[in-house]
Amino acid sequence: MDKKLVVSSSPHIRTIDSVQSVMTDVLIALFPAALMAVLLFGYKALLTMLISVVTAMVVEALWLRKRDLFSDGSAAVTGLLFAMVLPPAPPWWLVVIGAASSIIIGKQVYGGIGYNIFNPALVGRAIVVMSWGTRMVGPIWPQPQPFAFTTDISAVTMATALAGQQEALSYSYANYFIGTIPGCLGETSALALLLGGAWLYYKGHIDWRIPGGFIGTVFLFGLLFGGGFYGGSFGTGLFHVLAGGVMIGAIYMATDMVTTPVTTTGKLIFGIGCGLITMLIRLWGSMPEGVTFAILIMNGLTPIIDNFTIPQQFGGVKKSA
Amino acid sequence: MNITVFKGGVHPDYHKEVTATMAVTPMKAPLTVVIPLQQHIGAPCEPLEGIEVGAQVKMGQKIADSSGFVSAPIHASVSGTIKEIGPYNHPLGRPVQSITIESDGEEKWDEQIKPAGNLDDLSAEDIRKLVREAGIVGLGGATFPAHVKLSPPPEKKIDIVVINGAECEPYLSADHRVMLEKPEEIVFGLKAMIKALGAEKAVIGIEDNKSDAIRVLEQVTAEDENISVAKLHTKYPQGAEKMLIQVTTGRKVPSGGLPLDVGIVNHNVGTAVAVSKAIKEGKPLIERVVTVTGSGINRPANLLVRIGTLVSEVIDHCGGLKDNTLKLIVGGPMMGLAQPNANLPIIKGTSGILALTDEDVYLAERAPCIRCAKCVEACPVTLMPTMIAQAAEHTLYSRAEKLHALDCFECGCCSYSCPSKIPLTQLIRIAKAEIMKAKKK
């Protein structure tokens with residue numbers, strides 16, 4: 001026998017999953033929300049998403065000096081997620097600057113995929129919110145116009161449901177659930193986001209603890225301290241879950257693998273922490289919405305959470321310190 | 001507590017259907033066997049007096065032994081002449097002192113071999129002695145001397161014997177076939193073990209992808225009230241000692257402890273058959289069932305092979321390797337050992353010969369850790385593989401130790417599940433070796 005054999009350490013078989021397949025699954029999961037965005041906000045939404053995804057991929061390829069635009073798919077995911085937390089029709093240069101910042105300041109300066117501390121898409125969002133506040137907060141939100149693909153939706157604008165009780169009460173649960181409310185491009189339809197979340201859960205890419213802890217805490221907080229304006233305290237709890245960015249944040253942003261805990265208990269703590277900070281900002285902070293900063297703050301706490309939640313090994317006994 | 005699944009684990013492609021329905025066929029004894037003096041965990045054996053180059057030996061004759069308690073003697077698997085005593089390739093990767101015997105083709109058994117009599121007439125001590133003299137070791141692959149496990153210290157009361165018929169390693173079907181073809185022998189060997197240990201009952205754990213084996217053993221044990229068959233949800237590494245004991249008895253072996261700490265002794269189905277043979281026929285362990293399979297094998301089979309048969313001869317018997325074979329593994333794909341060539345003998349612990357072609361061998365580059373925690377979810381002993389591996393890469397071995405690296409039994413689930421293809425198990429192995437090295441100092 002003179003065959004050349006490979007000798008390596010066991011195991012000798014590997015899962016077919018790869019970073020690329022995981023990222024592709026995330027893109028698939030975002031498809032319903034992206035489709036919904038186009039149905040509600042027309043061609044401007046499609047354009048925003050395209051500009052963002054292409055910018056993210058090109059900037060990453062340039063930074064890494066790679067010819068492969070899609071590569072592991074993570075830049076496309078960042079680009080799409082960034083677009084989804086923008087108003088449906090922002091100026092093109094804002095999208096380009098934000099997507100590029102997501103990739104460079106959010107990810108590559110730390111050493112690229114796997115090494116970034118903060119969620120890249122939310123870093124990009126935080127940068128544009130702070131740089132061009134008047135274009136990102138306030139009564140700037142276009143009214144959704146279902147199935148009007150060619151309409152320029154930016155003509156009629158208003159405030160989001162989170163701006164005040166008056167605004168909140170002008171929509172029904174059905175509006176919130178399907179997504180026919182003003183808001184960020186990809187955040188309005190709970191239905192579409194849940195569909196994608198179910199796919200990610202089925203594929204084993206997300207754990208229930210982060211979205212569960214996040215959404216559960218938001219609901220509980222809304223129920224207890226929301227003021228009960230939306231058909232009682234239960235209704236107000238539900239309102240806080242469905243309005244704004246909680247759904248997209250809990251299912252897609254707070255579950256970003258790189259920037260969240262790896263321990264099982266840590267994931268639950270992370271989710272609860274996100275929900276808590278979101279509601280602190282919403283109810284008592286100066287901004288109407290707090291999802292972005294809640295997740296970014298919890299991202300920063302991730303290493304500490306991980307270190308304090310390492311599980312007991314099988315058959316191990318807690319050492320009484 | 002009725003636990004039917006353990007935490008963690010993975011579901012690889014099993015590929016067992018390739019050989020699962022193939023009856024075990026004896027492979028003709030080879031002209032030459034190479035018998036390593038170390039085929040078990042514990043003290044290596046020394047050749048007995050008179051065992052030297054040129055000496056004549058009979059089949060089943062004891063040729064090497066050790067005075068160490070944790071050891072098992074070694075027997076000639078053919079009758080013939082000793083040709084050489086010296087180092088030879090071994091599945092563990094480094095040469096081991098071995099005895100080469102050239103067969104005379106007469107297959108003459110040692111005259112001293114005779115049945116040991118009725119199980120009822122044998123004392124616990126008799127059974128232990130018979131098992132030791134037959135050179136029986138754990139045939140699941142761990143090769144721990146079986147008589148040692150039948151001799152617990154007096155302060156440890158053993159009440160349950162757990163028999164491992166899980167065969168959770170993908171591709172392998174040796175235990176499956178043994179359960180289908182030798183169920184009475186398994187039960188007989190098990191009864192001898194129960195007697196030797198003074199145990200009260202026994203559980204045979206079998207994964208539900210071998211439902212025919214479950215049926216057969218349920219039938220055979222129908223009359224025995226103290227023996228039950230546990231149907232287990234198929235998941236790797238079910239056959240690992242700690243996992244199997246948890247799912248069959250609900251007991252948790254403590255970290256750093258042994259099954260006997262929770263009143264349990266655990267043996268493989270093949271080991272039970274060997275015990276049965278040692279008592280019923282007086283025959284020592286000189287052959288075993290080996291699954292020869294994988295995409296690189298031309299004619300997969302379950303073979304009854306003499307210990308010491310060269311892997312190359314077994315492969316030739318199975319029609320040779322395909323041209324695009326890239327990996328040759330002794331054992332299963334999750335915990336088996338890759339070999340640089342086939343010039344090494346089958347030993348007592350060899351449950352499979354697996355050849356994989358370039359389509360099944362993963363050679364791509366590793367990517368950075370994306371902290372997906374799939375390794376954390378897969379670890380059956382709830383370690384943090386990614387953290388231990390990271391510590392190992394930074395040579396922070398004391399951190400690896402604090403993260404309980406030594407609790408890792410190297411099942412391979414972390415490496416298997418990693419989408420970035422980081423060699424986590426290998427890195428943890430390095431950490432374990434370094435921790436042990438530091439401890440010895």
# chains A, B, ... in the order shown; residues from 1 in each chain; ligands from 1
call {"tool": "closest_atom_pairs", "arguments": {"of": "chain B", "to": "chain A", "cutoff": "8 Å", "atoms": "only C-alpha atoms", "output": "CSV"}}
result
residue,atom,partner,partner_atom,distance
B:Pro12,CA,A:Thr15,CA,7.3
B:Lys252,CA,A:Gly315,CA,5.9
B:Val253,CA,A:Gly315,CA,5.7
B:Pro254,CA,A:Gly315,CA,4.0
B:Ser255,CA,A:Gly315,CA,4.6
B:Thr325,CA,A:Leu5,CA,7.5
B:Leu326,CA,A:Leu5,CA,4.9
B:Lys327,CA,A:Leu5,CA,5.2
B:Leu328,CA,A:Leu5,CA,6.9
B:Pro333,CA,A:His12,CA,5.1
B:Met334,CA,A:Pro11,CA,4.2
B:Met335,CA,A:Ser10,CA,5.5
B:Gly336,CA,A:Ser10,CA,6.4
B:Leu337,CA,A:Ser10,CA,6.6
B:Ala338,CA,A:Val7,CA,5.1
B:Gln339,CA,A:Val7,CA,5.9
B:Pro340,CA,A:Leu5,CA,5.7
B:Asn341,CA,A:Leu5,CA,7.0
B:Ala342,CA,A:Met1,CA,7.4
B:Asp360,CA,A:Ile13,CA,7.3
B:Val361,CA,A:Ile13,CA,6.8
B:Tyr362,CA,A:Arg14,CA,6.8
B:Ala367,CA,A:Val19,CA,7.6
B:Pro368,CA,A:Gly114,CA,5.8
B:Cys369,CA,A:Gly114,CA,5.5
B:Ile370,CA,A:Gly114,CA,4.4
B:Arg371,CA,A:Val258,CA,5.0
B:Cys372,CA,A:Met257,CA,4.9
B:Ala373,CA,A:Val262,CA,5.0
B:Val376,CA,A:Thr263,CA,7.1
B:Pro380,CA,A:Phe314,CA,7.6
B:Val381,CA,A:Phe314,CA,4.4
B:Thr382,CA,A:Gln313,CA,5.0
B:Leu383,CA,A:Gln313,CA,5.6
B:Met384,CA,A:Ile310,CA,7.3
B:His404,CA,A:Gln313,CA,7.1
B:Asp407,CA,A:Gln313,CA,7.5
B:Cys411,CA,A:Pro11,CA,7.8
B:Gly412,CA,A:Pro11,CA,5.2
B:Cys413,CA,A:Pro11,CA,7.9
B:Ser415,CA,A:Pro11,CA,6.8
B:Tyr416,CA,A:Arg14,CA,4.4
B:Ser417,CA,A:Thr15,CA,5.5
B:Cys418,CA,A:Thr15,CA,7.1
B:Pro419,CA,A:Ser18,CA,4.0
B:Ser420,CA,A:Ser18,CA,5.8
B:Lys421,CA,A:Ser18,CA,7.6
B:Thr425,CA,A:Ser10,CA,7.5
B:Gln426,CA,A:Ser9,CA,6.1
call {"tool": "select_by_dssp", "arguments": {"residues": "stretch 169-267 of chain B", "states": "alpha helix (DSSP H)", "output": "JSON, numbers by chain"}}
result
{"B": [174, 175, 176, 177, 178, 179, 180, 181, 183, 184, 185, 186, 187, 188, 189, 190, 191, 192, 193, 194, 195, 196, 197, 211, 212, 213, 214, 215, 216, 217, 218, 219, 220, 241, 242, 243, 244, 245, 246, 247, 248, 249]}
call {"tool": "write_last_selection", "arguments": {"atoms": "N, CA and C atoms", "output": "CSV table (one decimal), in the first residue's frame"}}
result
chain,number,residue,atom,x,y,z
B,174,ALA,N,-20.5,-3.8,14.6
B,174,ALA,CA,-20.0,-5.0,15.2
B,174,ALA,C,-20.9,-5.4,16.4
B,175,ASP,N,-21.1,-4.5,17.3
B,175,ASP,CA,-21.9,-4.8,18.5
B,175,ASP,C,-23.3,-5.1,18.1
B,176,HIS,N,-23.9,-4.4,17.1
B,176,HIS,CA,-25.2,-4.7,16.6
B,176,HIS,C,-25.3,-6.2,16.2
B,177,ARG,N,-24.4,-6.6,15.4
B,177,ARG,CA,-24.4,-8.0,14.9
B,177,ARG,C,-24.2,-9.0,16.0
B,178,VAL,N,-23.3,-8.6,17.0
B,178,VAL,CA,-23.1,-9.5,18.1
B,178,VAL,C,-24.4,-9.7,18.9
B,179,MET,N,-25.2,-8.6,19.0
B,179,MET,CA,-26.4,-8.7,19.8
B,179,MET,C,-27.5,-9.5,19.0
B,180,LEU,N,-27.4,-9.5,17.7
B,180,LEU,CA,-28.4,-10.2,16.9
B,180,LEU,C,-28.0,-11.7,16.9
B,181,GLU,N,-26.7,-12.0,16.9
B,181,GLU,CA,-26.3,-13.3,16.6
B,181,GLU,C,-25.9,-14.1,17.9
B,183,PRO,N,-27.1,-13.4,21.3
B,183,PRO,CA,-27.8,-12.8,22.5
B,183,PRO,C,-27.7,-13.7,23.7
B,184,GLU,N,-27.8,-15.1,23.5
B,184,GLU,CA,-27.7,-15.9,24.7
B,184,GLU,C,-26.4,-15.8,25.4
B,185,GLU,N,-25.3,-15.7,24.6
B,185,GLU,CA,-24.0,-15.5,25.1
B,185,GLU,C,-23.9,-14.2,25.9
B,186,ILE,N,-24.5,-13.2,25.4
B,186,ILE,CA,-24.4,-11.9,26.1
B,186,ILE,C,-25.1,-12.1,27.5
B,187,VAL,N,-26.2,-12.7,27.5
B,187,VAL,CA,-26.9,-12.8,28.7
B,187,VAL,C,-26.2,-13.8,29.7
B,188,PHE,N,-25.6,-14.8,29.1
B,188,PHE,CA,-24.8,-15.7,30.0
B,188,PHE,C,-23.6,-14.9,30.6
B,189,GLY,N,-22.9,-14.2,29.8
B,189,GLY,CA,-21.8,-13.5,30.3
B,189,GLY,C,-22.2,-12.4,31.3
B,190,LEU,N,-23.4,-11.8,31.0
B,190,LEU,CA,-23.9,-10.8,32.0
B,190,LEU,C,-24.2,-11.5,33.3
B,191,LYS,N,-24.8,-12.7,33.3
B,191,LYS,CA,-25.1,-13.4,34.5
B,191,LYS,C,-23.9,-13.7,35.3
B,192,ALA,N,-22.8,-14.0,34.6
B,192,ALA,CA,-21.5,-14.3,35.3
B,192,ALA,C,-21.0,-13.0,35.9
B,193,MET,N,-21.2,-11.9,35.2
B,193,MET,CA,-20.7,-10.6,35.8
B,193,MET,C,-21.6,-10.2,37.0
B,194,ILE,N,-22.9,-10.5,36.9
B,194,ILE,CA,-23.8,-10.2,38.1
B,194,ILE,C,-23.3,-11.0,39.3
B,195,LYS,N,-23.0,-12.2,39.0
B,195,LYS,CA,-22.6,-13.1,40.1
B,195,LYS,C,-21.2,-12.7,40.7
B,196,ALA,N,-20.3,-12.3,39.8
B,196,ALA,CA,-19.0,-11.9,40.3
B,196,ALA,C,-19.0,-10.7,41.1
B,197,LEU,N,-20.0,-9.8,40.8
B,197,LEU,CA,-20.1,-8.5,41.5
B,197,LEU,C,-21.1,-8.6,42.7
B,211,SER,N,-33.6,-1.5,16.5
B,211,SER,CA,-34.8,-2.1,17.1
B,211,SER,C,-34.8,-3.6,17.0
B,212,ASP,N,-34.2,-4.2,16.0
B,212,ASP,CA,-34.2,-5.7,15.9
B,212,ASP,C,-33.4,-6.2,17.1
B,213,ALA,N,-32.3,-5.6,17.4
B,213,ALA,CA,-31.5,-6.1,18.5
B,213,ALA,C,-32.2,-5.9,19.9
B,214,ILE,N,-33.0,-4.8,20.0
B,214,ILE,CA,-33.8,-4.6,21.2
B,214,ILE,C,-34.8,-5.8,21.3
B,215,ARG,N,-35.5,-6.1,20.2
B,215,ARG,CA,-36.4,-7.2,20.2
B,215,ARG,C,-35.8,-8.5,20.6
B,216,VAL,N,-34.7,-8.8,20.0
B,216,VAL,CA,-34.0,-10.1,20.3
B,216,VAL,C,-33.6,-10.2,21.7
B,217,LEU,N,-33.0,-9.2,22.3
B,217,LEU,CA,-32.6,-9.2,23.7
B,217,LEU,C,-33.7,-9.2,24.6
B,218,GLU,N,-34.8,-8.5,24.3
B,218,GLU,CA,-36.0,-8.6,25.1
B,218,GLU,C,-36.5,-10.0,25.2
B,219,GLN,N,-36.5,-10.7,24.1
B,219,GLN,CA,-37.0,-12.1,24.1
B,219,GLN,C,-36.1,-13.0,24.9
B,220,VAL,N,-34.8,-12.8,24.7
B,220,VAL,CA,-33.9,-13.7,25.4
B,220,VAL,C,-33.9,-13.4,27.0
B,241,GLU,N,-19.6,5.9,28.9
B,241,GLU,CA,-19.9,5.4,30.2
B,241,GLU,C,-20.9,6.3,31.0
B,242,LYS,N,-20.5,7.6,31.1
B,242,LYS,CA,-21.3,8.5,32.0
B,242,LYS,C,-22.7,8.7,31.4
B,243,MET,N,-22.7,8.9,30.1
B,243,MET,CA,-24.0,9.1,29.4
B,243,MET,C,-24.9,7.9,29.5
B,244,LEU,N,-24.3,6.7,29.2
B,244,LEU,CA,-25.1,5.5,29.3
B,244,LEU,C,-25.7,5.2,30.6
B,245,ILE,N,-24.9,5.4,31.7
B,245,ILE,CA,-25.3,5.2,33.0
B,245,ILE,C,-26.4,6.1,33.4
B,246,GLN,N,-26.3,7.4,33.0
B,246,GLN,CA,-27.3,8.3,33.3
B,246,GLN,C,-28.7,8.0,32.6
B,247,VAL,N,-28.6,7.6,31.3
B,247,VAL,CA,-29.9,7.3,30.7
B,247,VAL,C,-30.5,5.9,31.1
B,248,THR,N,-29.6,5.0,31.5
B,248,THR,CA,-30.2,3.7,31.9
B,248,THR,C,-30.6,3.6,33.3
B,249,THR,N,-29.9,4.4,34.2
B,249,THR,CA,-30.2,4.2,35.6
B,249,THR,C,-30.6,5.5,36.3
call {"tool": "residues_around", "arguments": {"residues": "stretch 278-284 of chain B", "least_positions_apart": "3", "cutoff": "10 Å", "atoms": "only C-alpha atoms", "output": "number ranges by chain"}}
result
B: 59-62, 73-77, 109-110, 112-119, 122, 126-127, 130-136, 185, 188-189, 192, 272-275, 287
call {"tool": "residues_around", "arguments": {"residues": "B:Pro30", "least_positions_apart": "6", "cutoff": "8 Å", "atoms": "only C-alpha atoms", "output": "compact mmCIF listing (two decimals) with N, CA, C and O atoms, in the first residue's frame"}}
result
# COMPACT_ATOMS: atom_id res chain seq x y z
N SER B 103 1.96 -18.93 11.38
CA SER B 103 1.01 -20.02 11.60
C SER B 103 1.47 -21.29 10.91
O SER B 103 2.03 -21.25 9.80
N THR B 309 -4.08 -10.08 13.35
CA THR B 309 -4.17 -10.03 11.88
C THR B 309 -3.84 -8.60 11.44
O THR B 309 -4.29 -7.63 12.06
N GLU B 313 -4.25 -7.01 5.60
CA GLU B 313 -4.84 -8.27 5.15
C GLU B 313 -6.37 -8.23 5.25
O GLU B 313 -7.07 -8.79 4.40
call {"tool": "residues_around", "arguments": {"residues": "A:Tyr201", "least_positions_apart": "3", "cutoff": "12 Å", "atoms": "only C-alpha atoms", "output": "JSON, numbers by chain"}}
result
{"A": [22, 25, 26, 29, 194, 195, 196, 197, 198, 204, 205, 206, 207, 208, 209, 210, 211, 212, 251, 252, 255]}
call {"tool": "atom_distance", "arguments": {"atom1": "atom CA of B:Ile435", "atom2": "atom CA of B:Ser398"}}
result
7.3 Å
call {"tool": "select_by_dssp", "arguments": {"residues": "stretch 177-218 of chain B", "states": "strand (DSSP E or B)", "output": "number ranges by chain"}}
result
B: 201-207
call {"tool": "write_last_selection", "arguments": {"atoms": "N, CA, C and O atoms", "output": "compact mmCIF listing (two decimals), in the first residue's frame"}}
result
# COMPACT_ATOMS: atom_id res chain seq x y z
N LYS B 201 -29.23 -6.30 39.83
CA LYS B 201 -29.91 -6.31 38.53
C LYS B 201 -28.99 -5.78 37.43
O LYS B 201 -27.88 -5.30 37.71
N ALA B 202 -29.50 -5.86 36.22
CA ALA B 202 -28.71 -5.41 35.08
C ALA B 202 -29.60 -4.75 34.06
O ALA B 202 -30.78 -5.08 33.93
N VAL B 203 -29.04 -3.76 33.35
CA VAL B 203 -29.76 -3.10 32.25
C VAL B 203 -28.89 -3.21 31.00
O VAL B 203 -27.69 -2.97 31.05
N ILE B 204 -29.52 -3.56 29.91
CA ILE B 204 -28.81 -3.57 28.62
C ILE B 204 -29.32 -2.36 27.85
O ILE B 204 -30.50 -2.28 27.50
N GLY B 205 -28.45 -1.39 27.59
CA GLY B 205 -28.87 -0.18 26.89
C GLY B 205 -28.59 -0.29 25.41
O GLY B 205 -27.46 -0.54 24.99
N ILE B 206 -29.65 -0.14 24.59
CA ILE B 206 -29.50 -0.24 23.13
C ILE B 206 -30.20 0.94 22.49
O ILE B 206 -31.32 1.30 22.86
N GLU B 207 -29.54 1.56 21.48
CA GLU B 207 -30.15 2.71 20.80
C GLU B 207 -31.28 2.24 19.89
O GLU B 207 -31.22 1.14 19.31
call {"tool": "closest_residue", "arguments": {"among": "A:Tyr230, A:Phe214, A:Phe147, A:Phe41", "to": "A:Ile181", "atoms": "only C-alpha atoms"}}
result
A:Phe41
call {"tool": "closest_residue", "arguments": {"among": "B:Val70, B:Ile101, B:Leu150, B:Ala230", "to": "B:Ala43", "atoms": "only C-alpha atoms"}}
result
B:Val70
call {"tool": "residues_around", "arguments": {"residues": "stretch 165-177 of chain A", "least_positions_apart": "4", "cutoff": "8 Å", "atoms": "only C-alpha atoms", "output": "PyMOL selection string"}}
result
chain A and resi 159-161+181+188-191+229-230+239+242-243
call {"tool": "residues_around", "arguments": {"residues": "A:Gly186", "least_positions_apart": "2", "cutoff": "9 Å", "atoms": "only C-alpha atoms", "output": "PyMOL selection string"}}
result
chain A and resi 30+33-37+45+81+83-88+183-184+188-189+193+245+248
call {"tool": "atom_distance", "arguments": {"atom1": "atom CA of B:Pro91", "atom2": "atom CA of B:Thr291"}}
result
15.7 Å
call {"tool": "atom_distance", "arguments": {"atom1": "atom CA of A:Leu122", "atom2": "atom CA of A:Gly98"}}
result
9.6 Å
call {"tool": "closest_residue", "arguments": {"among": "A:Gln108, A:Thr78, A:Ser102, A:Ser52", "to": "A:Met23", "atoms": "only C-alpha atoms"}}
result
A:Thr78
call {"tool": "closest_residue", "arguments": {"among": "B:Gly319, B:Lys374, B:Gly294, B:Arg306", "to": "B:Ile353", "atoms": "only C-alpha atoms"}}
result
B:Gly294
